[in-house]
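K.L.:
This is data10.cif, which holds mmCIF, C-alpha atoms and all ligand atoms:
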data_my_file
loop_
_atom_site.label_atom_id
_atom_site.label_comp_id
_atom_site.auth_asym_id
_atom_site.auth_seq_id
_atom_site.Cartn_x
_atom_site.Cartn_y
_atom_site.Cartn_z
CA MET S 1 -11.24 9.22 32.74
CA ASP S 2 -13.09 6.29 31.17
CA LEU S 3 -16.45 6.79 29.52
CA LYS S 4 -19.48 4.79 30.62
CA LYS S 5 -22.04 2.89 28.59
CA GLY S 6 -24.91 5.21 27.70
CA GLN S 7 -22.83 8.36 28.37
CA THR S 8 -23.42 11.32 26.06
CA VAL S 9 -20.37 12.97 24.49
CA HIS S 10 -20.62 16.42 22.88
CA LEU S 11 -19.09 17.16 19.47
CA THR S 12 -17.74 20.48 18.24
CA THR S 13 -20.03 20.34 15.19
CA GLY S 14 -23.34 22.19 15.56
CA GLY S 15 -24.47 20.88 18.96
CA MET S 16 -24.24 17.22 17.88
CA THR S 17 -23.71 14.43 20.38
CA CYS S 18 -22.91 10.74 20.34
CA THR S 19 -23.71 8.03 22.87
CA VAL S 20 -21.27 5.41 24.15
CA ILE S 21 -22.39 1.84 23.34
CA GLU S 22 -19.40 -0.22 24.46
CA GLU S 23 -15.60 -0.32 24.75
CA LEU S 24 -13.84 -1.80 21.72
CA GLY S 25 -10.19 -1.69 22.73
CA ARG S 26 -7.55 0.04 24.74
CA GLY S 27 -4.15 1.34 23.58
CA GLY S 28 -1.27 3.31 25.00
CA GLN S 29 -2.81 6.67 24.08
CA GLY S 30 -6.48 6.07 24.55
CA THR S 31 -9.54 3.85 24.54
CA VAL S 32 -11.74 3.24 21.50
CA TYR S 33 -15.50 3.01 22.04
CA LYS S 34 -18.33 2.06 19.74
CA VAL S 35 -20.75 4.99 19.73
CA ASP S 36 -24.10 5.86 18.22
CA LEU S 37 -24.13 9.09 16.22
CA GLY S 38 -27.61 9.93 14.97
CA GLY S 39 -28.42 6.24 14.47
CA LYS S 40 -25.07 5.43 12.84
CA LYS S 41 -22.51 3.21 14.57
CA MET S 42 -19.09 4.91 14.71
CA ALA S 43 -15.86 4.63 16.70
CA LEU S 44 -14.72 7.19 19.29
CA LYS S 45 -11.07 7.38 20.33
CA TRP S 46 -10.87 8.93 23.79
CA TYR S 47 -7.43 9.98 25.07
CA HIS S 48 -6.27 8.78 28.49
CA ILE S 49 -4.31 12.02 28.94
CA PRO S 50 -5.53 14.82 26.68
CA PRO S 51 -2.76 15.94 24.28
CA ASP S 52 -2.02 19.67 24.16
CA GLU S 53 -3.91 22.53 22.54
CA LYS S 54 -1.87 22.35 19.34
CA PHE S 55 -2.84 18.68 18.90
CA TYR S 56 -6.51 19.56 19.48
CA LYS S 57 -6.45 22.36 16.91
CA ASN S 58 -4.69 20.12 14.40
CA LEU S 59 -7.36 17.44 14.84
CA GLN S 60 -10.09 20.02 14.20
CA LYS S 61 -8.28 21.11 11.03
CA ASN S 62 -8.03 17.51 9.81
CA VAL S 63 -11.74 16.97 10.55
CA ASP S 64 -12.60 20.10 8.53
CA ALA S 65 -10.36 19.12 5.59
CA GLY S 66 -11.72 15.59 5.25
CA ALA S 67 -9.95 12.34 4.33
CA PRO S 68 -7.50 12.29 1.40
CA SER S 69 -9.03 8.99 0.20
CA ASP S 70 -11.25 6.11 1.30
CA ALA S 71 -8.14 4.25 2.48
CA PHE S 72 -8.03 6.46 5.57
CA ILE S 73 -10.07 5.91 8.72
CA TRP S 74 -10.04 9.65 9.23
CA PRO S 75 -11.18 11.81 12.16
CA GLU S 76 -14.69 12.91 11.15
CA PHE S 77 -15.81 14.72 14.32
CA LEU S 78 -13.98 16.18 17.31
CA THR S 79 -15.48 16.15 20.80
CA VAL S 80 -15.56 19.16 23.07
CA ARG S 81 -13.28 18.97 26.11
CA GLU S 82 -15.20 17.33 28.92
CA ASN S 83 -14.70 14.71 31.66
CA GLY S 84 -11.03 15.68 31.82
CA SER S 85 -10.15 14.80 28.23
CA TYR S 86 -11.37 14.75 24.62
CA GLY S 87 -11.50 12.46 21.61
CA TYR S 88 -12.53 12.13 18.00
CA VAL S 89 -15.07 10.10 16.05
CA MET S 90 -14.18 8.00 13.01
CA LYS S 91 -15.70 5.13 11.02
CA LEU S 92 -15.70 1.67 12.56
CA ARG S 93 -13.12 -0.64 11.06
CA PRO S 94 -15.04 -3.26 9.08
CA SER S 95 -14.42 -6.95 9.80
CA GLY S 96 -12.13 -9.02 7.59
CA TYR S 97 -9.13 -6.66 7.89
CA TYR S 98 -6.06 -7.63 9.93
CA GLU S 99 -3.21 -5.54 11.31
CA PHE S 100 -0.16 -5.59 9.06
CA GLY S 101 1.97 -6.84 12.00
CA GLN S 102 -0.17 -10.00 12.09
CA TYR S 103 1.04 -10.94 8.61
CA LEU S 104 4.66 -10.44 9.67
CA LEU S 105 4.07 -12.86 12.54
CA ALA S 106 2.43 -15.33 10.11
CA ARG S 107 -0.83 -15.21 12.05
CA HIS S 108 -2.52 -14.27 8.77
CA GLN S 109 -1.45 -14.74 5.18
CA MET S 110 -2.26 -12.80 2.06
CA LYS S 111 -4.34 -15.00 -0.22
CA SER S 112 -2.51 -14.30 -3.47
CA LEU S 113 0.33 -12.41 -5.07
CA SER S 114 -2.18 -10.11 -6.72
CA ALA S 115 -3.58 -9.26 -3.27
CA ILE S 116 -0.06 -8.39 -2.04
CA PHE S 117 0.53 -6.02 -4.95
CA ALA S 118 -2.97 -4.54 -4.66
CA ALA S 119 -2.13 -3.71 -1.04
CA ALA S 120 1.21 -2.20 -2.11
CA MET S 121 -0.56 -0.06 -4.70
CA LYS S 122 -3.20 1.14 -2.25
CA ILE S 123 -0.59 2.09 0.37
CA CYS S 124 1.36 4.11 -2.24
CA ASN S 125 -1.82 5.77 -3.43
CA GLY S 126 -2.82 6.69 0.12
CA PHE S 127 0.54 8.31 0.79
CA LYS S 128 0.54 10.11 -2.53
CA LEU S 129 -2.81 11.72 -1.68
CA LEU S 130 -1.79 12.45 1.91
CA HIS S 131 1.31 14.32 0.70
CA ARG S 132 -0.66 16.04 -2.03
CA TYR S 133 -2.93 17.41 0.72
CA GLY S 134 0.19 18.86 2.38
CA TYR S 135 0.32 16.40 5.27
CA SER S 136 2.95 14.04 6.53
CA TYR S 137 2.03 10.87 8.34
CA GLN S 138 4.84 10.90 10.91
CA ASP S 139 3.94 7.72 12.75
CA LEU S 140 4.00 5.12 10.03
CA ASN S 141 4.36 1.55 11.29
CA ASP S 142 2.98 -1.99 11.18
CA GLY S 143 0.20 -1.18 13.65
CA ASN S 144 -1.47 1.53 11.54
CA PHE S 145 -2.29 -0.61 8.54
CA PHE S 146 -5.10 -3.07 8.25
CA ILE S 147 -5.17 -5.32 5.21
CA ARG S 148 -7.87 -7.62 3.85
CA PRO S 149 -6.11 -10.87 2.86
CA ASP S 150 -8.55 -11.77 0.05
CA ASP S 151 -8.02 -8.74 -2.17
CA GLY S 152 -5.33 -6.61 -0.51
CA ASP S 153 -7.63 -3.72 0.34
CA VAL S 154 -5.98 -1.44 2.91
CA LEU S 155 -7.24 0.79 5.69
CA ILE S 156 -4.89 3.32 7.25
CA CYS S 157 -5.67 4.11 10.88
CA ASP S 158 -4.33 6.32 13.68
CA ASN S 159 -4.60 9.43 11.55
CA ASP S 160 -4.59 11.72 14.58
CA ASN S 161 -0.82 11.99 14.12
CA VAL S 162 -1.17 13.40 10.62
CA TYR S 163 0.33 16.90 10.59
CA PRO S 164 1.07 19.54 7.97
CA GLN S 165 4.55 19.24 6.45
CA GLY S 166 7.27 20.72 8.67
CA GLU S 167 5.22 20.60 11.88
CA LYS S 168 6.02 18.13 14.57
CA SER S 169 3.31 16.08 16.26
CA GLY S 170 5.67 15.14 19.08
CA ILE S 171 5.11 11.50 18.20
CA MET S 172 8.31 9.94 17.05
CA GLY S 173 7.11 6.73 15.45
CA LYS S 174 8.51 3.24 15.94
CA ALA S 175 12.29 2.89 15.58
CA ARG S 176 12.18 0.14 12.95
CA TYR S 177 10.04 2.32 10.64
CA MET S 178 11.63 5.71 11.31
CA ALA S 179 13.98 7.20 8.76
CA PRO S 180 17.65 7.41 9.87
CA GLU S 181 17.45 11.22 10.03
CA ILE S 182 14.47 10.99 12.42
CA VAL S 183 16.25 8.40 14.58
CA ALA S 184 19.01 11.03 14.78
CA GLY S 185 16.50 13.60 16.05
CA GLY S 186 15.05 15.24 12.92
CA ILE S 187 11.45 16.32 12.27
CA PRO S 188 9.30 13.86 10.26
CA ASP S 189 8.22 15.09 6.82
CA LYS S 190 7.20 13.68 3.45
CA TYR S 191 10.79 12.57 2.81
CA SER S 192 10.94 10.55 6.01
CA ASP S 193 7.47 9.17 5.16
CA ARG S 194 8.92 7.96 1.85
CA TYR S 195 11.62 6.07 3.69
CA SER S 196 8.98 4.46 5.92
CA LEU S 197 6.96 3.64 2.79
CA SER S 198 9.93 1.73 1.28
CA ILE S 199 10.32 -0.20 4.54
CA LEU S 200 6.61 -1.07 4.65
CA LEU S 201 6.51 -2.14 0.99
CA PHE S 202 9.58 -4.30 1.46
CA MET S 203 8.08 -5.98 4.50
CA LEU S 204 4.71 -6.46 2.80
CA ILE S 205 6.35 -8.13 -0.19
CA TYR S 206 9.28 -10.04 1.38
CA LEU S 207 7.99 -10.46 4.98
CA ASN S 208 11.31 -9.47 6.59
CA HIS S 209 12.79 -6.11 7.58
CA PRO S 210 15.20 -4.74 4.95
CA LEU S 211 17.81 -3.62 7.50
CA GLU S 212 17.71 -6.75 9.66
CA GLY S 213 20.40 -9.14 8.45
CA ALA S 214 23.59 -10.67 9.84
CA ARG S 215 24.64 -7.58 11.78
CA VAL S 216 21.34 -7.28 13.61
CA ALA S 217 21.06 -11.07 14.15
CA ALA S 218 24.51 -11.04 15.78
CA CYS S 219 23.50 -8.31 18.21
CA PRO S 220 23.01 -9.90 21.64
CA CYS S 221 20.78 -7.17 23.03
CA MET S 222 18.79 -4.50 21.20
CA THR S 223 19.57 -1.57 23.48
CA GLU S 224 18.52 1.96 22.61
CA GLY S 225 22.08 2.63 21.53
CA ASN S 226 22.10 -0.36 19.19
CA GLU S 227 18.71 0.63 17.82
CA LYS S 228 20.06 4.08 16.98
CA LYS S 229 22.97 2.43 15.20
CA PHE S 230 21.12 -0.24 13.17
CA TYR S 231 18.18 1.96 12.15
CA GLY S 232 20.01 5.29 12.19
CA SER S 233 23.69 6.16 11.92
CA GLU S 234 24.80 2.75 10.54
CA ALA S 235 21.64 1.66 8.71
CA LEU S 236 22.62 -0.87 6.01
CA PHE S 237 20.32 -2.65 3.55
CA ILE S 238 20.62 -6.45 3.70
CA TYR S 239 21.21 -6.55 -0.07
CA ASP S 240 23.35 -3.43 -0.32
CA SER S 241 25.23 -3.59 -3.63
CA GLN S 242 28.53 -2.30 -2.11
CA ASN S 243 28.57 -3.95 1.29
CA ASN S 244 27.64 -7.56 2.04
CA THR S 245 28.18 -7.57 5.80
CA ASN S 246 24.46 -7.51 6.63
CA LEU S 247 23.12 -10.30 4.38
CA PRO S 248 20.03 -12.21 5.56
CA VAL S 249 20.82 -15.25 7.69
CA ARG S 250 19.65 -18.73 6.74
CA GLY S 251 17.15 -20.10 9.23
CA VAL S 252 16.41 -16.59 10.55
CA HIS S 253 15.38 -14.45 7.58
CA THR S 254 13.78 -17.31 5.67
CA ASN S 255 11.03 -15.40 3.85
CA VAL S 256 13.24 -12.85 2.17
CA ILE S 257 15.86 -15.46 1.21
CA ARG S 258 13.14 -17.43 -0.62
CA ARG S 259 11.25 -14.52 -2.15
CA TRP S 260 14.09 -12.16 -3.15
CA PRO S 261 15.24 -14.18 -6.18
CA ALA S 262 11.70 -15.38 -7.06
CA PHE S 263 10.15 -11.93 -7.46
CA PRO S 264 10.82 -9.62 -10.45
CA LYS S 265 14.20 -8.02 -11.03
CA LEU S 266 12.57 -4.60 -11.30
CA LEU S 267 11.54 -4.90 -7.65
CA ARG S 268 15.02 -5.94 -6.57
CA ASP S 269 16.61 -3.10 -8.53
CA THR S 270 14.17 -0.56 -7.07
CA PHE S 271 14.78 -1.61 -3.47
CA ILE S 272 18.56 -1.79 -3.98
CA ASP S 273 18.37 1.80 -5.23
CA GLN S 274 15.90 3.15 -2.67
CA LEU S 275 17.73 1.56 0.28
CA SER S 276 21.22 2.40 -0.96
CA GLN S 277 23.50 4.45 1.30
CA GLU S 278 22.89 7.47 -0.93
CA LYS S 279 19.11 7.34 -0.48
CA LEU S 280 19.33 6.47 3.21
CA LYS S 281 21.54 9.52 3.81
CA ASN S 282 19.90 12.00 1.41
CA PRO S 283 16.17 12.15 2.18
CA THR S 284 15.23 14.45 -0.72
CA THR S 285 16.58 11.96 -3.30
CA ARG S 286 14.04 9.27 -2.34
CA MET S 287 11.51 8.21 -4.96
CA VAL S 288 8.07 9.87 -4.92
CA GLU S 289 4.96 7.72 -4.48
CA GLN S 290 3.91 8.07 -8.15
CA GLU S 291 7.15 6.37 -9.18
CA TRP S 292 6.45 3.54 -6.75
CA GLU S 293 2.99 3.19 -8.30
CA LYS S 294 4.57 2.84 -11.74
CA VAL S 295 6.99 0.20 -10.48
CA ILE S 296 4.17 -1.80 -8.91
CA ALA S 297 2.08 -1.50 -12.10
CA LYS S 298 5.00 -2.86 -14.14
CA VAL S 299 5.57 -5.68 -11.68
CA ARG S 300 1.89 -6.58 -11.98
CA ASP S 301 2.23 -6.59 -15.77
CA THR S 302 4.40 -9.72 -15.41
CA LEU S 303 2.17 -11.51 -12.88
CA VAL S 304 0.09 -13.94 -14.95
CA ILE S 305 -2.08 -17.01 -14.67
CA CYS S 306 -0.26 -20.20 -15.71
CA PRO S 307 -2.15 -21.72 -18.68
CA LYS S 308 -1.51 -25.22 -17.30
CA CYS S 309 -2.17 -25.19 -13.53
CA ARG S 310 -4.13 -21.89 -13.42
CA GLN S 311 -2.01 -20.60 -10.49
CA GLU S 312 -0.39 -17.16 -10.40
CA THR S 313 3.21 -16.90 -11.44
CA PHE S 314 5.68 -14.17 -12.29
CA VAL S 315 7.30 -14.33 -15.71
CA ASP S 316 10.37 -12.52 -17.00
CA GLY S 317 8.99 -9.88 -19.35
CA SER S 318 12.29 -9.70 -21.27
CA GLN S 319 11.82 -13.31 -22.44
CA THR S 320 9.44 -14.96 -24.94
CA THR S 321 8.77 -18.02 -22.76
CA GLY S 322 7.47 -18.01 -19.21
CA LYS S 323 8.06 -20.72 -16.62
CA CYS S 324 5.46 -21.39 -13.94
CA VAL S 325 6.95 -21.39 -10.43
CA GLU S 326 4.13 -23.64 -9.24
CA CYS S 327 4.04 -26.47 -11.81
CA GLY S 328 7.15 -25.83 -13.90
CA ALA S 329 5.21 -25.61 -17.17
CA GLN S 330 6.74 -23.48 -19.93
CA PHE S 331 4.45 -21.30 -22.01
CA ASP S 332 4.53 -18.66 -24.69
CA ILE S 333 4.52 -15.03 -23.51
CA THR S 334 5.13 -13.23 -26.78
CA ARG S 335 1.62 -11.72 -27.00
CA ARG S 336 1.54 -8.38 -25.16
CA LEU S 337 -0.52 -5.29 -24.66
CA VAL S 338 1.91 -2.38 -24.83
CA MET S 339 1.17 1.00 -23.28
CA GLY S 340 3.97 3.58 -23.09
CA ASP S 341 6.88 1.81 -21.39
CA ARG S 342 4.65 -0.94 -20.01
CA SER S 343 4.40 -4.38 -21.60
CA MET S 344 1.52 -6.42 -20.19
CA VAL S 345 1.92 -10.16 -20.64
CA LEU S 346 -1.23 -11.88 -21.94
CA THR S 347 -2.19 -15.39 -20.87
CA PRO S 348 -5.76 -16.76 -20.55
CA GLY S 349 -7.30 -15.92 -17.17
CA THR S 350 -4.93 -13.03 -16.41
CA CYS S 351 -6.42 -9.70 -15.34
CA LEU S 352 -4.80 -6.46 -16.49
CA PHE S 353 -4.74 -3.27 -14.45
CA ILE S 354 -4.42 -0.22 -16.67
CA ASP S 355 -4.66 2.41 -13.93
CA MET S 356 -3.81 2.36 -10.23
CA ASP S 357 -7.25 1.77 -8.66
CA ASN S 358 -6.82 -2.01 -8.16
CA LYS S 359 -9.91 -2.75 -10.26
CA PRO S 360 -9.14 -5.00 -13.26
CA ASP S 361 -9.80 -3.24 -16.58
CA ILE S 362 -9.20 -6.20 -18.89
CA LYS S 363 -9.63 -9.93 -18.46
CA VAL S 364 -7.89 -12.22 -20.92
CA GLN S 365 -10.37 -14.89 -22.10
CA THR S 366 -10.27 -17.76 -24.57
CA SER S 367 -12.77 -17.92 -27.45
CA SER S 368 -14.55 -21.13 -28.50
CA THR S 369 -11.89 -21.54 -31.21
CA GLY S 370 -9.08 -21.21 -28.66
CA GLU S 371 -8.09 -17.67 -29.58
CA MET S 372 -7.04 -15.29 -26.77
CA MET S 373 -9.54 -12.44 -26.33
CA LEU S 374 -9.44 -9.19 -24.32
CA GLN S 375 -12.65 -8.70 -22.36
CA ASN S 376 -13.54 -5.14 -21.42
CA VAL S 377 -14.20 -5.37 -17.66
CA SER S 378 -13.70 -1.61 -17.15
CA THR S 379 -16.56 0.85 -16.64
CA SER S 380 -16.70 2.43 -20.08
CA SER S 381 -16.61 1.40 -23.72
CA TRP S 382 -13.38 1.43 -25.73
CA ASN S 383 -12.66 2.68 -29.20
CA VAL S 384 -10.59 0.18 -31.11
CA GLU S 385 -8.69 0.79 -34.31
CA THR S 386 -7.91 -2.25 -36.44
CA PRO S 387 -4.62 -2.56 -38.36
CA SER S 388 -6.52 -1.63 -41.53
CA GLY S 389 -7.74 1.60 -39.91
CA LYS S 390 -11.34 0.63 -39.15
CA ILE S 391 -12.77 1.98 -35.88
CA ARG S 392 -15.13 -0.06 -33.78
CA GLN S 393 -16.55 0.24 -30.31
CA VAL S 394 -16.07 -2.45 -27.66
CA ASN S 395 -18.70 -2.12 -24.96
CA VAL S 396 -18.34 -3.17 -21.35
CA ASN S 397 -18.16 -6.98 -21.07
CA ASP S 398 -17.58 -7.38 -24.83
CA CYS S 399 -14.48 -9.14 -26.15
CA LEU S 400 -11.84 -8.27 -28.69
CA PRO S 401 -9.41 -10.68 -30.38
CA THR S 402 -5.72 -10.18 -29.52
CA ARG S 403 -4.59 -9.36 -33.08
CA PRO S 404 -1.23 -7.59 -33.31
CA GLY S 405 -1.62 -3.99 -34.40
CA LEU S 406 -5.00 -3.43 -32.73
CA LYS S 407 -5.04 -0.11 -30.90
CA ILE S 408 -7.31 0.47 -27.92
CA SER S 409 -8.42 3.85 -26.55
CA PHE S 410 -9.76 3.20 -23.09
CA GLY S 411 -12.30 6.00 -22.82
CA THR S 412 -13.13 7.67 -19.54
CA SER S 413 -12.88 4.78 -17.09
CA ILE S 414 -9.14 5.03 -16.61
CA GLU S 415 -8.36 7.10 -13.53
CA GLY S 416 -5.80 9.80 -14.15
CA ALA S 417 -5.33 8.81 -17.81
CA PRO S 418 -8.59 9.44 -19.69
CA ASN S 419 -6.95 9.17 -23.10
CA ALA S 420 -4.77 6.15 -22.38
CA LYS S 421 -4.02 4.11 -25.49
CA ALA S 422 -2.51 0.67 -25.83
CA GLU S 423 -1.54 -1.60 -28.69
CA VAL S 424 -1.60 -5.38 -29.05
CA LYS S 425 1.83 -6.70 -30.04
ZN ZN S 501 1.62 -23.74 -13.54
#
Represent the structure of the file as structure tokens.

P.N.:
Amino acid sequence: MDLKKGQTVHLTTGGMTCTVIEELGRGGQGTVYKVDLGGKKMALKWYHIPPDEKFYKNLQKNVDAGAPSDAFIWPEFLTVRENGSYGYVMKLRPSGYYEFGQYLLARHQMKSLSAIFAAAMKICNGFKLLHRYGYSYQDLNDGNFFIRPDDGDVLICDNDNVYPQGEKSGIMGKARYMAPEIVAGGIPDKYSDRYSLSILLFMLIYLNHPLEGARVAACPCMTEGNEKKFYGSEALFIYDSQNNTNLPVRGVHTNVIRRWPAFPKLLRDTFIDQLSQEKLKNPTTRMVEQEWEKVIAKVRDTLVICPKCRQETFVDGSQTTGKCVECGAQFDITRRLVMGDRSMVLTPGTCLFIDMDNKPDIKVQTSSTGEMMLQNVSTSSWNVETPSGKIRQVNVNDCLPTRPGLKISFGTSIEGAPNAKAEVK
């Protein structure tokens, strides 16, 4: 039963109500309305056919637990059952974000490489926190993610299908994003989420599906049986290291053919491993989200600003000279900031991300004498030890020369690594 403009809807929380303002959109499961809740504009998803009691109780639990992070448009209030159905209230999706599927159809484009990898990082972080809370997402696909093209910020929607590990929401997800074991009839869990995460990351970065190559292109009709084969029992990565029968097809899978060799080797190696037959067939061997975060951080460490044309370019961190993919200029990349097993390439104008929060912590600047400087753009001061053992403090916005042997302690602003230390090399 549809709701009408001005209609009052009762919430399960302490006698609260909200008032319907207007309809925002209609999907397969329900209609989303803009509502007023105590003077605040929110969104109400109202189910066409009310899902069962278990679903209702699970929604109430998720409301009570709260969102794992600000990436989630999470159910904040549940309605009582009335007018033949029920629904839940969440934040309105702000403008400037577009559905992930729109990027795959080239209706929108990410503005920069750094925005693409910021989005990748935020998706990994969201799933890490979701799993840490004991949930699994279950229905991960290109319609649940909204990305802002300017900076890669991500919002994860449709969180009503989020269930505790090992419980089944009854929603099976979209075939192209479902793990092979789910296509075969299994119950979604954090391991199947990790498969879906690899698929999403691949598509975000390379703009093609990692299982859709020659074999799928040659299929005259994608029947349910074929779907079960290509995404389930016979799933085969397009760049499988042992089997080249599903390679991308020229003129069809254009994006991945262009991007695959142009993006860092570490990314290629990680996808070849994560989408190998072993990982496709053994869910528990798939990489955890924290490992993905580390891979993306390392990939970002080799994404620099070209000193000549000022465009972004990847460089090969194992080399001493970088070559700009935009203008072809060659430039020195010997100066690094080294932290653990990370080696961040320094060129003027490049931003460095020490932690995983997508906020730059360092900006590489040039002094009036042409020397490269590290500007502290983090939120706390650093303690810096010079090669001769002197300690000095570098406040927020202050700069530090890039002298080899300088050691930086980043203070408290680094999420998850309060005592992180790095050295200029
Ligand atoms: Zn250039």

K.L.:
Which residues of region 242-327 of chain S sit at most 8 Å from region 197-219 of chain S, using only C-alpha atoms? Give each one's shortest atom pair and distance in Å (one decimal place), in chain and ascending residue order, as a tab-separated table.

P.N.:
residue	atom	partner	partner_atom	distance
S:Thr245	CA	S:Ala214	CA	6.9
S:Asn246	CA	S:Ala214	CA	4.6
S:Leu247	CA	S:Gly213	CA	5.0
S:Pro248	CA	S:Gly213	CA	4.2
S:Val249	CA	S:Ala214	CA	5.8
S:His253	CA	S:Asn208	CA	6.5
S:Asn255	CA	S:Leu207	CA	5.9
S:Val256	CA	S:Tyr206	CA	4.9
S:Arg259	CA	S:Tyr206	CA	6.0
S:Trp260	CA	S:Tyr206	CA	6.9
S:Phe271	CA	S:Ser198	CA	7.6
S:Gln274	CA	S:Ser198	CA	7.3
S:Leu275	CA	S:Ser198	CA	7.9

K.L.:
Out of S:Ile116, S:Leu400, S:Leu346, S:Cys306, which residue has the shortest atom-to-atom distance to Asn358 (chain S) when counting all atoms listed in the file?

P.N.:
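The closest residue to Asn358 (chain S) is S:Ile116.
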
K.L.:
State, in Å with one decimal place, the distance from CA of Leu406 (chain S) to CA of Asp355 (chain S).

P.N.:
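Answer for the CA of Leu406 (chain S) to CA of Asp355 (chain S) separation: 19.7 Å.
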
K.L.:
Which residues of chain S come within 12 Å of ligand ZN 501 (chain S), and for each one, what is the closest pair of atoms and their distance in Å to one decimal, counting only C-alpha atoms and all ligand atoms, sorted by chain and residue number, as a Markdown table?

P.N.:
| residue | atom | partner | partner_atom | distance |
| --- | --- | --- | --- | --- |
| S:Val304 | CA | S:ZN501 | ZN | 10.0 |
| S:Ile305 | CA | S:ZN501 | ZN | 7.8 |
| S:Cys306 | CA | S:ZN501 | ZN | 4.6 |
| S:Pro307 | CA | S:ZN501 | ZN | 6.7 |
| S:Lys308 | CA | S:ZN501 | ZN | 5.1 |
| S:Cys309 | CA | S:ZN501 | ZN | 4.1 |
| S:Arg310 | CA | S:ZN501 | ZN | 6.0 |
| S:Gln311 | CA | S:ZN501 | ZN | 5.7 |
| S:Glu312 | CA | S:ZN501 | ZN | 7.6 |
| S:Thr313 | CA | S:ZN501 | ZN | 7.3 |
| S:Phe314 | CA | S:ZN501 | ZN | 10.5 |
| S:Val315 | CA | S:ZN501 | ZN | 11.2 |
| S:Gly322 | CA | S:ZN501 | ZN | 10.0 |
| S:Lys323 | CA | S:ZN501 | ZN | 7.8 |
| S:Cys324 | CA | S:ZN501 | ZN | 4.5 |
| S:Val325 | CA | S:ZN501 | ZN | 6.6 |
| S:Glu326 | CA | S:ZN501 | ZN | 5.0 |
| S:Cys327 | CA | S:ZN501 | ZN | 4.0 |
| S:Gly328 | CA | S:ZN501 | ZN | 5.9 |
| S:Ala329 | CA | S:ZN501 | ZN | 5.4 |
| S:Gln330 | CA | S:ZN501 | ZN | 8.2 |
| S:Phe331 | CA | S:ZN501 | ZN | 9.3 |
| S:Thr347 | CA | S:ZN501 | ZN | 11.7 |

K.L.:
Kindly provide, as a list in words, the polymer residues lying within 7 Å of (7.3, -21.2, -26.7), counting all atoms listed in the file and using the coordinates exactly as they appear in the file.

P.N.:
Thr320, Thr321, Phe331 and Asp332 of chain S

K.L.:
Can you measure CA of Ile296 (chain S) to CA of Asp361 (chain S) for me? One decimal in Å is fine.

P.N.:
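Here the two named atoms are 16.0 Å from each other.
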
K.L.:
Which of these, S:Asp151, S:Asp158, S:Asp142, S:Glu415, has the shortest distance to Tyr177 (chain S) once you count all atoms listed in the file?

P.N.:
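Checking each of S:Asp151, S:Asp158, S:Asp142, S:Glu415 against Tyr177 (chain S), counting all atoms listed in the file, the winner is S:Asp142.
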
K.L.:
I need the residue nearest Lys265 (chain S) from this list: S:Gly317, S:Pro164, S:Gly101, S:Gly134. Use all atoms listed in the file for the distance.

P.N.:
S:Gly317

K.L.:
How close does each residue of region 124-204 of chain S get to region 229-233 of chain S, giving the shortest atom pair and distance in Å to one decimal for every residue with an atom at most 12 Å away, counting all atoms listed in the file, sorted by chain and residue number, as a tab-separated table?

P.N.:
residue	atom	partner	partner_atom	distance
S:Lys174	CA	S:Tyr231	CA	10.5
S:Ala175	CA	S:Tyr231	CA	6.9
S:Arg176	CA	S:Tyr231	CA	6.3
S:Tyr177	CA	S:Tyr231	CA	8.3
S:Met178	CA	S:Tyr231	CA	7.6
S:Ala179	CA	S:Gly232	CA	7.2
S:Pro180	CA	S:Gly232	CA	3.9
S:Glu181	CA	S:Gly232	CA	6.8
S:Ile182	CA	S:Gly232	CA	8.0
S:Val183	CA	S:Gly232	CA	5.4
S:Ala184	CA	S:Gly232	CA	6.4
S:Gly185	CA	S:Gly232	CA	9.8
S:Gly186	CA	S:Gly232	CA	11.1
S:Tyr195	CA	S:Tyr231	CA	11.5
S:Ser196	CA	S:Tyr231	CA	11.4
S:Ile199	CA	S:Tyr231	CA	11.2

K.L.:
To one decimal place in Å, what is the distance between CA of Gln7 (chain S) and CA of Val20 (chain S)?

P.N.:
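We find that CA of Gln7 (chain S) and CA of Val20 (chain S) lie 5.4 Å from each other.
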
K.L.:
Using all atoms listed in the file, which protein or nucleic acid residues come within 10 Å of region 75-88 of chain S? Drop anything in the same chain fewer than 6 positions from it, and give the result as a PyMOL selection string.

P.N.:
chain S and resi 1-3+9-13+15-18+30-32+42-51+56-57+59-67+157-160

K.L.:
Counting all atoms listed in the file, what is within 12 Å of Glu293 (chain S), bar same-chain residues fewer than 5 positions away, as JSON, numbers by chain?

P.N.:
{"S": [117, 118, 119, 120, 121, 122, 123, 124, 125, 126, 127, 128, 197, 198, 201, 267, 270, 287, 288, 298, 299, 300, 353, 354, 355, 356, 357, 358]}

K.L.:
Closest to Lys279 (chain S) among S:Arg194, S:Tyr133, S:Lys359, S:Val252, using all atoms listed in the file?

P.N.:
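Checking each of S:Arg194, S:Tyr133, S:Lys359, S:Val252 against Lys279 (chain S), counting all atoms listed in the file, the winner is S:Arg194.
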
K.L.:
My list of candidates is S:Val154, S:Ala420, S:Leu303, S:Thr223. Which is closest to Asp70 (chain S) when distances are computed with all atoms listed in the file?

P.N.:
S:Val154

K.L.:
May I ask which of the residues S:Phe72, S:Cys399, S:Ile147, S:Asn141 is the closest one to Tyr103 (chain S), counting all atoms listed in the file?

P.N.:
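Looking at the shortest contact to Tyr103 (chain S), the residue is S:Ile147.
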
K.L.:
Pick out the residues sitting within 12 Å of Thr412 (chain S), and hand them over as JSON, numbers by chain; count only C-alpha atoms, and ignore anything fewer than 5 positions along from it in its own chain.

P.N.:
{"S": [355, 361, 378, 379, 380, 381, 382, 383, 417, 418, 419, 420, 421]}
